[in-house]
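Undergrad: Before we start, here is the structure in question, set down as structure tokens.
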Amino acid sequence: MVCALAAAVCFGTATVLQAVAARQAGTGGGGEAALLLRALRQWRYLAGLALDGLGFLFQIAALRSIPIYAVSAALASSLAVTAVVAARLLRVRLTGTEWGAVGVVCVGLAMLGLAAGPEGDREGSDTLKWAMLATAVGMLVLALLGGRLTGRMRALVLGLGAGFGFGVVEVSVRLIDSLRPADLLTNPAAYALLIGGGAAFILLTSALQRGAVTTATAGLVIGETIGPAAVGVIWLGDRTREGFAWLAVLGFAVAVAGALALARFGEAPASDGEAVQAVGPPR
């Protein structure tokens, strides 16, 4: 659980940097890929990516030792980290309700830490590996076409897509049982991890810059928690400590609910000169 929390700290801090960079990169033409390329020219976005890389290493370590549902809830809690970092570094003022939501997230994670058992002992089937690859490709198509979406559902679709992409990454890490180059080249999960992660970053960058980002943040949290958790329990054998299943379910629900209560930390400022009202979603 320590590695999962360390990953959340890295992702949550990176969000503060990436959200500002994504909004500043919003001017200019081109589609979603062009938006990402402009963001990559900003030092804040690059610093955020470095923290994302460190967080990903912690995430891998966590997924190799505890169930996916515990890791998913911990990663969703990076919104609480984002809120605290924004309050300290960017002088964002948190309301009493929002500080309460941060506390709720911590309580939920504590419940999960007490209830979580070891990671599941089932090996993922070839069907599951190919399903993850198909999902990743679908999210990549959505990322490339996301700029054409219009209407009130746009932010939710982009947020859910980013969440599903990050969820594919979580599951794929568990489906890679050998790091030998020959094995990686023949494992669909390895390609799912790369494609899903790339698609999720493009979708997230678009969600940060366009639309009702609080809605996108809610979609992101839901997409990256519920699906991967279900896959871990149903297909990979993730379990809780004997007699603690109820506490794990309650802790998962409490942690995710607390994260959703902080969904307003999905909107970046339009420029450095403005007072920072909120920052971007986790990652």
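Starting from 1 in every chain, residues are counted up; chains themselves are A, B, ... following the order of the structure tokens, and ligands are numbered from 1 as listed.
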Name the residues of region 149-243 of chain A that come out as helix (DSSP H, G or I) in a backbone DSSP run; write them as a ChimeraX atom specification.

TA: /A:154-175,181-185,188-209,213-235

Undergrad: For Gly237 (chain A), list every protein, DNA or RNA residue within 9 Å, evaluated using only C-alpha atoms, and leave out those in the same chain fewer than 2 positions away; present the list as an NGL selection string.

TA: :A and (67 or 119-123 or 231-235 or 239)

Undergrad: Hey, can you spit out that residue selection with N, CA and C atoms as a JSON list (two decimals), in the first residue's frame?

TA:
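File written: result-v3.json
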```json
[["chain", "number", "residue", "atom", "x", "y", "z"],
["A", 67, "PRO", "N", -3.91, -6.10, -4.32],
["A", 67, "PRO", "CA", -4.95, -6.20, -5.35],
["A", 67, "PRO", "C", -5.14, -4.91, -6.15],
["A", 119, "GLU", "N", -2.05, -9.87, -3.72],
["A", 119, "GLU", "CA", -2.58, -9.85, -5.08],
["A", 119, "GLU", "C", -3.10, -11.23, -5.46],
["A", 120, "GLY", "N", -4.02, -11.28, -6.44],
["A", 120, "GLY", "CA", -4.59, -12.54, -6.88],
["A", 120, "GLY", "C", -3.53, -13.46, -7.47],
["A", 121, "ASP", "N", -3.81, -14.77, -7.37],
["A", 121, "ASP", "CA", -2.84, -15.75, -7.84],
["A", 121, "ASP", "C", -3.21, -16.36, -9.18],
["A", 122, "ARG", "N", -4.24, -15.83, -9.83],
["A", 122, "ARG", "CA", -4.62, -16.36, -11.14],
["A", 122, "ARG", "C", -3.84, -15.68, -12.25],
["A", 123, "GLU", "N", -3.49, -16.46, -13.25],
["A", 123, "GLU", "CA", -2.83, -15.89, -14.43],
["A", 123, "GLU", "C", -3.90, -15.42, -15.40],
["A", 231, "VAL", "N", -12.13, -6.42, -12.87],
["A", 231, "VAL", "CA", -11.28, -7.39, -13.58],
["A", 231, "VAL", "C", -10.39, -8.13, -12.59],
["A", 232, "GLY", "N", -9.82, -7.40, -11.63],
["A", 232, "GLY", "CA", -8.94, -8.04, -10.65],
["A", 232, "GLY", "C", -9.66, -9.07, -9.80],
["A", 233, "VAL", "N", -10.88, -8.75, -9.37],
["A", 233, "VAL", "CA", -11.63, -9.67, -8.51],
["A", 233, "VAL", "C", -12.16, -10.86, -9.30],
["A", 234, "ILE", "N", -12.72, -10.61, -10.49],
["A", 234, "ILE", "CA", -13.40, -11.67, -11.24],
["A", 234, "ILE", "C", -12.43, -12.57, -11.99],
["A", 235, "TRP", "N", -11.42, -11.98, -12.64],
["A", 235, "TRP", "CA", -10.56, -12.77, -13.52],
["A", 235, "TRP", "C", -9.15, -13.03, -12.98],
["A", 239, "ARG", "N", -8.42, -10.85, -3.69],
["A", 239, "ARG", "CA", -9.27, -11.10, -2.54],
["A", 239, "ARG", "C", -8.88, -10.18, -1.39]]
```

Undergrad: Would you pick out the contacts of Gly138 (chain A) at 10 Å or less, using only C-alpha atoms, so that residues sharing its chain but fewer than 2 positions from it are not included, and give the list as a compact mmCIF listing (two decimals) with N, CA and C atoms, in the first residue's frame?

TA:
```txt
# COMPACT_ATOMS: atom_id res chain seq x y z
N MET A 132 -7.82 -6.50 -23.45
CA MET A 132 -7.16 -5.26 -23.03
C MET A 132 -6.58 -4.52 -24.24
N LEU A 133 -6.01 -5.27 -25.19
CA LEU A 133 -5.46 -4.64 -26.38
C LEU A 133 -6.56 -4.00 -27.21
N ALA A 134 -7.70 -4.70 -27.36
CA ALA A 134 -8.82 -4.14 -28.12
C ALA A 134 -9.36 -2.87 -27.46
N THR A 135 -9.44 -2.87 -26.13
CA THR A 135 -9.90 -1.69 -25.41
C THR A 135 -8.93 -0.52 -25.61
N ALA A 136 -7.63 -0.82 -25.55
CA ALA A 136 -6.61 0.22 -25.73
C ALA A 136 -6.71 0.83 -27.13
N LEU A 140 -7.51 4.69 -28.25
CA LEU A 140 -6.65 5.46 -29.15
C LEU A 140 -7.47 6.10 -30.27
N VAL A 141 -8.41 5.34 -30.82
CA VAL A 141 -9.28 5.89 -31.86
C VAL A 141 -10.09 7.07 -31.29
N LEU A 142 -10.61 6.89 -30.08
CA LEU A 142 -11.34 7.98 -29.43
C LEU A 142 -10.45 9.20 -29.23
N ALA A 143 -9.19 8.97 -28.85
CA ALA A 143 -8.26 10.08 -28.64
C ALA A 143 -8.02 10.86 -29.93
N GLY A 161 -12.88 8.00 -21.28
CA GLY A 161 -11.88 7.39 -22.15
C GLY A 161 -10.51 7.40 -21.52
N PHE A 164 -10.51 4.76 -18.77
CA PHE A 164 -10.39 3.41 -19.31
C PHE A 164 -8.97 3.13 -19.78
N GLY A 165 -8.33 4.14 -20.39
CA GLY A 165 -6.96 3.97 -20.84
C GLY A 165 -6.02 3.68 -19.68
N ILE A 195 -0.23 1.35 -25.76
CA ILE A 195 -1.28 2.05 -26.50
C ILE A 195 -2.27 2.69 -25.55
N GLY A 196 -2.67 1.94 -24.52
CA GLY A 196 -3.64 2.48 -23.56
C GLY A 196 -3.10 3.69 -22.82
N ALA A 199 -2.94 6.70 -25.32
CA ALA A 199 -4.27 7.22 -25.60
C ALA A 199 -4.82 7.99 -24.40
```

Undergrad: Between CA of Leu89 (chain A) and CA of Leu5 (chain A), measure the distance and give it in Å to one decimal.

TA: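 We find that CA of Leu89 (chain A) and CA of Leu5 (chain A) lie 20.1 Å from each other.
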
Undergrad: Find the residue from A:Ala182, A:Ala70, A:Ala8, A:Val81 that sits nearest to Gly55 (chain A); use only C-alpha atoms when measuring.

TA: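 Checking each candidate against Gly55 (chain A), we get A:Ala8 as the closest.
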
Undergrad: Go through A:Leu247, A:Val85, A:Val20, A:Leu37 one by one, measure the shortest atom-to-atom distance of each to Ala115 (chain A) using only C-alpha atoms, and give the residue with the smallest value.

TA: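 Using only C-alpha atoms, Ala115 (chain A) sits closest to A:Leu247.
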
Undergrad: At what distance in Å, to one decimal, does CA of Ala248 (chain A) lie from CA of Leu109 (chain A)?

TA: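 A separation of 9.2 Å between them.
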
Undergrad: Can you tell me which residues surround Ile226 (chain A) at a distance of at most 12 Å, considering only C-alpha atoms, apart from same-chain residues fewer than 2 positions away, and format the answer as a ChimeraX atom specification?

TA: /A:68-73,76,160,163-164,166-168,170-171,219-224,228-233,249,252-253,256

Undergrad: I need the residue nearest Val107 (chain A) from this list: A:Ala80, A:Leu94, A:Ala216, A:Ile60. Use only C-alpha atoms for the distance.

TA: A:Ala80

Undergrad: For Ala4 (chain A), list every protein, DNA or RNA residue within 7 Å, evaluated using only C-alpha atoms, and leave out those in the same chain fewer than 2 positions away; present the list as a list in words.

TA: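 Listed by chain and then number, they are Met1, Val2, Ala6, Ala7, Ala8, Phe58, Gln59, Ala62, Val71, Ala74 and Leu75 of chain A.
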